[in-house]
Amino acid sequence: MASLQARIETEWEGTSTLPILRCIVDTLCENSSVYIDSNTSLSTFQRIVQDNLNDVDVSHPSVVEDILVSINYLLDPHVGFLETKYELYDEFEPICSLTVEDVKQAEEDGWLVHPVSGVQIDDFKDHVIITFSMLTECA
């Protein structure tokens with residue numbers, strides 16, 4: 001973790017993203033057992049920032065942008081801190097995980113085949129939730 005923290009400090013010094021990125025990494029590392037193999041949503045990242053940076057309005061567009069930039073940075077394969085997960089929901093219950101290939105194919109086709117019933121789902125975007133998970137514990 002010290003290596004990642006040093007890299008973040010160096011690469012993001014002087015930016016508005018730095019405190020948000022630092023806050024997210026520190027919180028996830030301090031609670032890694034909760035966030036490894038989890039389904040962490042954008043709203044969870046917003047809550048982390050809100051709870052830890054009192055002077056930040058997480059609804060402000062520039063803060064939302066900094067949170068999204070932080071997530072994208074942590075998703076980068078060279079950083080290797082987060083991974084993207086896709087889940088198909090039916091009403092409010094998760095049905096199954098989807099691969100990025102499943103989602104790309106659905107984007108191309110304009111529909112998704114329900115993995116259980118085989119029924120074509122035309123409004124699949126309303127049923128696919130994107131979440132994030134830590135890849136490894138912080139050292």
# chains A, B, ... in the order shown; residues from 1 in each chain; ligands from 1

call {"tool": "residues_around", "arguments": {"residues": "Met134 in chain A", "least_positions_apart": "6", "cutoff": "8 Å", "atoms": "only C-alpha atoms", "output": "PyMOL selection string"}}
result
chain A and resi 28+32+35-38+81-83

call {"tool": "residues_around", "arguments": {"residues": "range 97-108 of chain A", "least_positions_apart": "3", "cutoff": "12 Å", "atoms": "only C-alpha atoms", "output": "JSON, numbers by chain"}}
result
{"A": [39, 83, 84, 85, 86, 87, 88, 89, 93, 94, 111, 112, 113, 114, 115, 116, 120, 121, 122, 123, 124, 125, 127, 128, 129, 130, 131]}

call {"tool": "residues_around", "arguments": {"residues": "range 60-66 of chain A", "least_positions_apart": "6", "cutoff": "12 Å", "atoms": "only C-alpha atoms", "output": "PyMOL selection string"}}
result
chain A and resi 12+15-24+42-43+45-47+49-50+53+72-73

call {"tool": "atom_distance", "arguments": {"atom1": "CA of Asn31 in chain A", "atom2": "CA of Glu137 in chain A"}}
result
9.2 Å

call {"tool": "select_by_dssp", "arguments": {"residues": "range 10-128 of chain A", "states": "alpha helix (DSSP H)", "output": "MDAnalysis selection string"}}
result
chainID A and resid 10:12 17:30 32:35 42:52 61:75 100:109

call {"tool": "atom_distance", "arguments": {"atom1": "CA of Ile95 in chain A", "atom2": "CA of Val34 in chain A"}}
result
21.5 Å

call {"tool": "select_by_dssp", "arguments": {"residues": "range 20-107 of chain A", "states": "strand (DSSP E or B)", "output": "number ranges by chain"}}
result
A: 36, 40, 82-90, 93-98
